[in-house]
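**Q** What follows is the file run.cif, containing mmCIF, C-alpha atoms and all ligand atoms:
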data_data
loop_
_atom_site.label_atom_id
_atom_site.label_comp_id
_atom_site.auth_asym_id
_atom_site.auth_seq_id
_atom_site.Cartn_x
_atom_site.Cartn_y
_atom_site.Cartn_z
CA MET R 101 37.16 49.37 101.43
CA ASN R 102 36.15 46.18 99.67
CA THR R 103 33.38 46.32 97.16
CA THR R 104 31.89 43.78 94.82
CA ARG R 105 31.75 46.25 91.93
CA PRO R 106 34.36 45.89 89.18
CA ASN R 107 37.06 48.49 88.64
CA PHE R 108 35.57 51.79 87.36
CA ILE R 109 37.86 52.17 84.35
CA ASP R 110 37.12 48.57 83.26
CA GLN R 111 33.39 49.15 83.72
CA LEU R 112 33.59 52.27 81.60
CA HIS R 113 35.47 50.56 78.75
CA ASN R 114 32.97 47.72 78.89
CA ALA R 115 29.97 50.09 78.88
CA TRP R 116 31.33 52.12 75.93
CA HIS R 117 31.45 48.93 73.88
CA THR R 118 28.50 46.84 75.06
CA GLN R 119 26.15 49.83 75.25
CA ASN R 120 27.56 51.39 72.05
CA SER R 121 27.22 54.69 73.89
CA LEU R 122 29.39 57.57 75.04
CA LEU R 123 26.48 59.28 76.82
CA CYS R 124 26.55 59.99 80.55
CA VAL R 125 23.04 60.70 81.85
CA GLY R 126 23.19 63.36 84.55
CA ILE R 127 20.65 62.99 87.35
CA ASP R 128 19.98 66.43 88.85
CA PRO R 129 16.48 66.13 90.34
CA ASP R 130 14.72 69.45 90.83
CA ILE R 131 11.30 69.07 92.41
CA THR R 132 9.96 72.19 90.66
CA LYS R 133 10.59 70.59 87.26
CA MET R 134 8.98 67.24 88.01
CA PRO R 135 5.48 66.15 86.93
CA ALA R 136 2.64 67.13 89.25
CA PRO R 137 2.08 63.77 91.00
CA LEU R 138 5.77 63.66 92.02
CA ARG R 139 5.78 67.30 93.14
CA ASP R 140 3.07 66.41 95.65
CA MET R 141 5.13 63.67 97.30
CA PRO R 142 7.68 64.16 100.10
CA ALA R 143 11.03 65.12 98.46
CA GLU R 144 12.75 61.91 99.55
CA ARG R 145 10.13 59.75 97.83
CA ALA R 146 9.80 61.99 94.76
CA PHE R 147 13.58 62.02 94.18
CA PHE R 148 13.78 58.24 94.32
CA GLU R 149 10.79 57.64 92.06
CA PHE R 150 11.92 60.26 89.56
CA GLY R 151 15.50 58.98 89.55
CA GLN R 152 14.44 55.36 89.26
CA ALA R 153 12.18 56.14 86.27
CA ILE R 154 14.97 58.11 84.57
CA ILE R 155 17.54 55.37 85.20
CA ASP R 156 15.31 52.61 83.83
CA ALA R 157 14.23 54.67 80.83
CA THR R 158 17.70 55.88 79.79
CA ALA R 159 19.81 52.83 80.72
CA PRO R 160 19.71 51.35 77.18
CA TYR R 161 21.41 54.50 75.86
CA ALA R 162 23.92 55.34 78.60
CA CYS R 163 27.57 54.50 79.31
CA SER R 164 27.28 56.01 82.81
CA PHE R 165 25.00 57.79 85.24
CA LYS R 166 26.03 60.91 87.15
CA PRO R 167 23.85 61.96 90.08
CA GLN R 168 24.71 65.40 91.48
CA ILE R 169 24.78 65.24 95.28
CA ALA R 170 23.66 68.84 95.94
CA TYR R 171 20.25 68.26 94.41
CA PHE R 172 19.66 65.55 97.01
CA SER R 173 21.39 66.94 100.09
CA ALA R 174 19.79 70.39 99.69
CA HIS R 175 16.45 68.71 100.36
CA HIS R 176 17.50 66.20 103.04
CA ALA R 177 17.27 63.44 100.44
CA GLU R 178 20.68 61.75 100.72
CA ASP R 179 18.94 58.48 101.58
CA ALA R 180 17.10 58.66 98.27
CA LEU R 181 20.46 59.10 96.52
CA GLN R 182 21.88 56.10 98.36
CA GLU R 183 18.84 54.01 97.43
CA LEU R 184 19.01 55.17 93.84
CA ILE R 185 22.65 54.16 93.42
CA ALA R 186 21.88 50.76 95.01
CA TYR R 187 18.93 50.42 92.61
CA SER R 188 21.12 51.24 89.61
CA HIS R 189 23.82 48.75 90.69
CA LYS R 190 21.18 46.04 91.14
CA HIS R 191 19.15 46.58 87.96
CA HIS R 192 21.80 48.00 85.62
CA PRO R 193 25.00 46.53 87.07
CA HIS R 194 27.06 47.12 83.93
CA ILE R 195 26.56 50.92 84.03
CA PRO R 196 29.01 52.79 86.28
CA VAL R 197 27.64 55.48 88.58
CA ILE R 198 29.65 58.67 89.10
CA LEU R 199 28.89 60.68 92.21
CA ASP R 200 29.23 64.33 91.19
CA ALA R 201 30.35 65.97 94.44
CA LYS R 202 33.36 68.07 93.32
CA ARG R 203 35.00 67.58 96.69
CA GLY R 204 38.26 69.22 97.77
CA ASP R 205 39.66 69.50 101.30
CA ILE R 206 42.67 68.64 103.46
CA GLY R 207 43.57 64.97 103.62
CA SER R 208 41.87 64.10 106.92
CA THR R 209 38.57 65.63 105.77
CA ALA R 210 38.96 64.25 102.25
CA ALA R 211 39.23 60.79 103.82
CA GLN R 212 35.71 61.29 105.22
CA TYR R 213 34.43 62.49 101.85
CA ALA R 214 35.96 59.37 100.28
CA ILE R 215 34.11 57.19 102.80
CA GLU R 216 30.93 59.10 101.97
CA ALA R 217 31.33 58.61 98.21
CA PHE R 218 32.55 55.03 98.12
CA GLU R 219 31.32 53.37 101.31
CA ARG R 220 28.09 55.22 102.06
CA PHE R 221 26.88 55.93 98.53
CA LYS R 222 28.88 53.10 96.90
CA ALA R 223 29.56 55.21 93.83
CA ASP R 224 31.96 53.80 91.24
CA ALA R 225 33.66 57.19 90.80
CA VAL R 226 33.59 60.69 92.26
CA THR R 227 34.35 64.15 90.90
CA VAL R 228 37.01 66.09 92.85
CA ASN R 229 38.48 69.58 92.78
CA PRO R 230 42.30 69.73 92.37
CA TYR R 231 42.69 73.20 93.89
CA MET R 232 44.05 71.94 97.23
CA GLY R 233 46.64 69.68 95.64
CA PHE R 234 47.66 66.04 95.71
CA ASP R 235 47.15 65.28 99.41
CA SER R 236 43.52 66.40 99.03
CA VAL R 237 43.01 63.81 96.27
CA GLU R 238 45.06 60.93 97.72
CA PRO R 239 42.31 59.57 100.03
CA TYR R 240 40.09 58.86 97.02
CA LEU R 241 42.97 57.14 95.20
CA ALA R 242 43.32 54.79 98.18
CA TYR R 243 40.19 53.08 96.83
CA SER R 244 42.06 51.43 93.98
CA ASP R 245 39.01 50.14 92.10
CA LYS R 246 37.25 53.53 92.11
CA GLY R 247 37.43 56.34 89.58
CA VAL R 248 38.70 59.78 90.57
CA ILE R 249 37.53 62.42 88.12
CA VAL R 250 39.45 65.67 88.51
CA LEU R 251 38.10 69.07 87.41
CA CYS R 252 40.40 70.48 84.72
CA ARG R 253 38.68 72.93 82.36
CA THR R 254 35.14 73.35 83.61
CA SER R 255 32.18 74.25 81.40
CA ASN R 256 31.08 77.44 83.21
CA PRO R 257 32.18 80.93 82.08
CA GLY R 258 33.80 81.64 85.47
CA GLY R 259 36.06 78.62 84.98
CA SER R 260 38.34 80.97 83.05
CA ASP R 261 38.89 83.17 86.14
CA LEU R 262 41.53 80.76 87.45
CA GLN R 263 41.87 77.87 85.01
CA PHE R 264 43.02 80.17 82.20
CA LEU R 265 45.68 82.01 84.20
CA ASN R 266 49.19 81.30 82.98
CA VAL R 267 51.49 79.59 85.42
CA ASP R 268 55.25 79.30 85.11
CA ILE R 269 56.43 75.70 85.35
CA ASN R 270 60.21 75.29 85.07
CA GLY R 271 60.46 78.42 82.94
CA GLN R 272 57.59 77.37 80.68
CA SER R 273 54.35 79.32 80.73
CA LYS R 274 51.04 77.48 80.33
CA PRO R 275 47.41 77.91 81.43
CA LEU R 276 46.62 76.39 84.79
CA TYR R 277 44.14 73.85 83.34
CA GLN R 278 46.94 72.46 81.16
CA HIS R 279 49.17 72.16 84.22
CA VAL R 280 46.37 70.22 85.96
CA ALA R 281 46.13 67.90 82.94
CA HIS R 282 49.93 67.33 83.02
CA LEU R 283 49.94 66.78 86.78
CA VAL R 284 47.13 64.26 86.71
CA ALA R 285 48.45 62.41 83.65
CA ASN R 286 52.06 62.24 84.76
CA GLN R 287 51.94 62.15 88.57
CA TRP R 288 48.54 61.67 90.19
CA ASN R 289 47.39 58.85 87.91
CA ALA R 290 50.10 56.34 88.83
CA THR R 291 47.34 53.85 89.66
CA GLY R 292 45.43 54.44 86.40
CA GLN R 293 42.14 55.39 88.10
CA CYS R 294 41.91 59.07 87.10
CA ALA R 295 39.82 60.91 84.54
CA LEU R 296 39.42 64.63 83.89
CA VAL R 297 36.45 67.00 83.56
CA VAL R 298 36.54 69.29 80.55
CA GLY R 299 33.57 71.36 79.37
CA ALA R 300 31.88 70.92 75.99
CA THR R 301 31.64 74.72 75.93
CA PHE R 302 35.42 74.87 75.28
CA PRO R 303 36.29 72.41 72.47
CA ASN R 304 39.70 74.00 71.77
CA GLU R 305 40.72 73.34 75.34
CA ILE R 306 39.36 69.78 75.15
CA LYS R 307 41.79 69.21 72.26
CA GLN R 308 44.70 70.62 74.29
CA VAL R 309 43.80 68.32 77.18
CA ARG R 310 43.41 65.26 74.95
CA ASP R 311 46.87 65.90 73.49
CA ILE R 312 48.34 66.05 77.00
CA VAL R 313 46.62 63.03 78.57
CA GLY R 314 46.64 60.40 75.80
CA ASP R 315 43.79 57.90 76.22
CA MET R 316 42.64 59.02 79.69
CA PRO R 317 38.83 59.18 80.01
CA LEU R 318 37.27 62.64 79.88
CA LEU R 319 33.96 63.54 81.49
CA ILE R 320 32.50 66.27 79.27
CA PRO R 321 29.45 68.20 80.54
CA GLY R 322 28.05 71.19 78.70
CA ILE R 323 26.05 69.87 75.75
CA GLY R 324 22.27 70.36 75.84
CA ALA R 325 21.22 73.01 78.37
CA GLN R 326 24.63 74.77 78.36
CA GLY R 327 24.76 74.89 74.57
CA GLY R 328 28.11 73.14 73.96
CA ASP R 329 28.96 72.12 70.39
CA LEU R 330 28.66 68.33 70.18
CA ALA R 331 30.46 67.90 66.85
CA ALA R 332 33.42 70.06 67.90
CA THR R 333 33.51 68.35 71.30
CA LEU R 334 33.74 64.89 69.75
CA ALA R 335 36.33 65.97 67.18
CA ALA R 336 38.46 67.32 70.02
CA GLY R 337 37.81 64.78 72.74
CA LEU R 338 37.67 61.27 71.27
CA ASN R 339 40.78 59.22 71.87
CA ALA R 340 42.65 57.22 69.24
CA ARG R 341 40.19 54.33 69.71
CA GLY R 342 37.12 56.49 69.08
CA THR R 343 36.05 56.36 72.71
CA GLY R 344 37.53 57.98 75.84
CA VAL R 345 34.68 60.38 76.56
CA MET R 346 31.59 60.48 78.76
CA ILE R 347 29.42 63.16 77.13
CA ASN R 348 27.19 64.31 79.97
CA SER R 349 23.72 65.74 79.52
CA SER R 350 21.42 66.32 82.48
CA ARG R 351 18.54 68.81 82.10
CA ALA R 352 18.07 68.29 78.34
CA ILE R 353 17.37 64.61 79.03
CA ILE R 354 15.71 64.38 82.42
CA TYR R 355 13.37 67.34 81.83
CA ALA R 356 12.60 66.57 78.17
CA SER R 357 9.00 66.63 79.40
CA ASN R 358 7.38 67.36 82.74
CA ASP R 359 4.10 65.59 82.13
CA GLU R 360 3.32 62.00 83.09
CA HIS R 361 5.31 60.74 80.08
CA PHE R 362 8.56 62.28 81.39
CA ALA R 363 10.42 58.96 81.48
CA GLN R 364 9.47 58.12 77.91
CA ALA R 365 10.55 61.62 76.83
CA ALA R 366 13.85 61.18 78.67
CA ALA R 367 14.40 57.84 76.94
CA GLN R 368 13.76 59.46 73.57
CA ALA R 369 16.11 62.37 74.33
CA ALA R 370 18.82 59.97 75.51
CA GLN R 371 18.38 57.77 72.46
CA GLU R 372 18.52 60.74 70.09
CA THR R 373 21.62 62.11 71.80
CA THR R 374 23.37 58.74 71.60
CA ILE R 375 22.45 58.34 67.94
CA GLU R 376 23.76 61.85 67.23
CA ILE R 377 27.01 61.15 69.11
CA ASN R 378 27.49 57.91 67.17
CA ARG R 379 26.71 59.63 63.87
CA LEU R 380 29.28 62.36 64.53
CA LYS R 381 32.10 60.30 66.02
O1 LIG J 1 31.62 67.84 87.17
C1 LIG J 1 30.57 68.05 86.53
O2 LIG J 1 29.78 67.16 86.34
C2 LIG J 1 30.40 69.37 85.90
C3 LIG J 1 31.56 70.06 85.59
C4 LIG J 1 31.49 71.20 84.77
O3 LIG J 1 32.50 71.78 84.39
N1 LIG J 1 30.27 71.63 84.37
C5 LIG J 1 29.10 71.00 84.72
O4 LIG J 1 28.03 71.43 84.26
N2 LIG J 1 29.16 69.90 85.55
C6 LIG J 1 27.90 69.24 86.00
O5 LIG J 1 27.28 68.63 84.87
C7 LIG J 1 25.86 68.81 84.91
C8 LIG J 1 25.44 69.60 83.70
O6 LIG J 1 24.05 69.66 83.62
P1 LIG J 1 23.25 70.17 82.30
O7 LIG J 1 23.82 71.51 81.97
O8 LIG J 1 21.85 70.21 82.75
O9 LIG J 1 23.50 69.15 81.22
C9 LIG J 1 25.55 69.47 86.26
O10 LIG J 1 25.29 68.45 87.19
C10 LIG J 1 26.84 70.17 86.61
O11 LIG J 1 27.02 70.26 88.01
#
Can you turn what I pasted into structure tokens?

**A**
Amino acid sequence: MNTTRPNFIDQLHNAWHTQNSLLCVGIDPDITKMPAPLRDMPAERAFFEFGQAIIDATAPYACSFKPQIAYFSAHHAEDALQELIAYSHKHHPHIPVILDAKRGDIGSTAAQYAIEAFERFKADAVTVNPYMGFDSVEPYLAYSDKGVIVLCRTSNPGGSDLQFLNVDINGQSKPLYQHVAHLVANQWNATGQCALVVGATFPNEIKQVRDIVGDMPLLIPGIGAQGGDLAATLAAGLNARGTGVMINSSRAIIYASNDEHFAQAAAQAAQETTIEINRLK
């Protein structure tokens, strides 16, 4: 369970300040959107080269990286993901890497997923689904220096199917996502390693969550390709210190261009997004 990486929450606070950035660069490699020379390579090699170029190009503008595991595992490219995270740790050690896996299962299986995230991939944090309750999240919390980022109010339209249902807690009715925010803030986060996912497509709900969780970090996907409102998101999500958020953008940055200058285009998109975030905050 030992790792030489610093504690995720400390890394994040450090990156917010030293990088002057609240931008999380999402790494969702899709071979069909890559430049021609990469499309012609075996997936494993293409994913690593693409990811490496994106990481190097966007590192000056990022507070975190978030590779999405499905893009790799769907194409038998988990080794490329592992290599990419090792590359990021080596060349950009001050930038935390979040493994977006959205895991959720009974404790014994969750323990294996935790090994996968933290020992195999050596991620600094992982996204998890709270639907199966506390014992499904506990195995990740056993890694005390790692971040555990719990889905709360997701960015997709279907998130409302369950997360918006009212639940009765001690005679008080509230939407399920608010109950998740309360649970994580008041019970699951005893070790201070938790964060929550809230979508930029729902700024009103981000505000509700921020009011419940105090300064807890929020991972906020949904700007860029999903059309979330950046200004409203920042107004709702920043904590009292003007930080507290990882504003994720994936496709709008990594596919800013699909010609041979894709990395330069990604750097420019990341820089512009960071400048815009800093202007609005
Ligand atoms: O946990 C996530 O990262 C996540 C949660 C959520 O509610 N919505 C959401 O889009 N995501 C992820 O964030 C990324 C968004 O990508 P773009 O829409 O291309 O910026 C994808 O990797 C999604 O899987």

**Q** Could the residues that lie within 7 Å of ligand LIG 1 (chain J), counting only C-alpha atoms and all ligand atoms, be listed as JSON, numbers by chain?

**A** {"R": [126, 128, 168, 200, 202, 227, 251, 253, 254, 255, 256, 297, 298, 299, 321, 322, 323, 324, 325, 326, 348, 349, 350, 351, 352]}

**Q** I'd like the neighbourhood of segment 175-188 of chain R as number ranges by chain, where a residue qualifies if any of its atoms comes within 10 Å (using only C-alpha atoms), though same-chain residues fewer than 6 positions away should be ignored.

**A** R: 127, 130-131, 142-152, 155-156, 159, 165-169, 194-199, 217, 220-224

**Q** Enter the distance from atom CA of Lys246 of chain R to atom CA of His191 of chain R, in Å, rounded to one decimal.

**A**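 Between atom CA of Lys246 of chain R and atom CA of His191 of chain R the gap is 19.8 Å.
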
**Q** Determine the nearest neighbour of Ala340 of chain R from the options R:Thr291, R:Leu262, R:Gly327, R:Asp315, counting all atoms listed in the file.

**A**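 That would be R:Asp315, the residue with the smallest distance to Ala340 of chain R.
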
**Q** With distances taken over only C-alpha atoms, which of R:Ala170, R:Gln293, R:Leu380, R:Asn107 is nearest to Pro129 of chain R?

**A**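 Of the candidates, the smallest distance to Pro129 of chain R is held by R:Ala170.
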
**Q** Counting all atoms listed in the file, which of R:Phe108, R:Ala174, R:Pro239, R:Ile347 gets nearest to Gly292 of chain R?

**A**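 Checking each candidate against Gly292 of chain R, we get R:Phe108 as the closest.
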
**Q** Show me the residues close to (6.6, 65.9, 90.4) - anything with an atom within 9 Å, counting only C-alpha atoms - and format the list as a list of chain:residue names.

**A**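 It turns out the residues near that spot are R:Asp130, R:Ile131, R:Thr132, R:Lys133, R:Met134, R:Pro135, R:Ala136, R:Pro137, R:Leu138, R:Arg139, R:Asp140, R:Met141, R:Ala146, R:Phe147, R:Phe150, R:Asn358, R:Asp359, R:Glu360.
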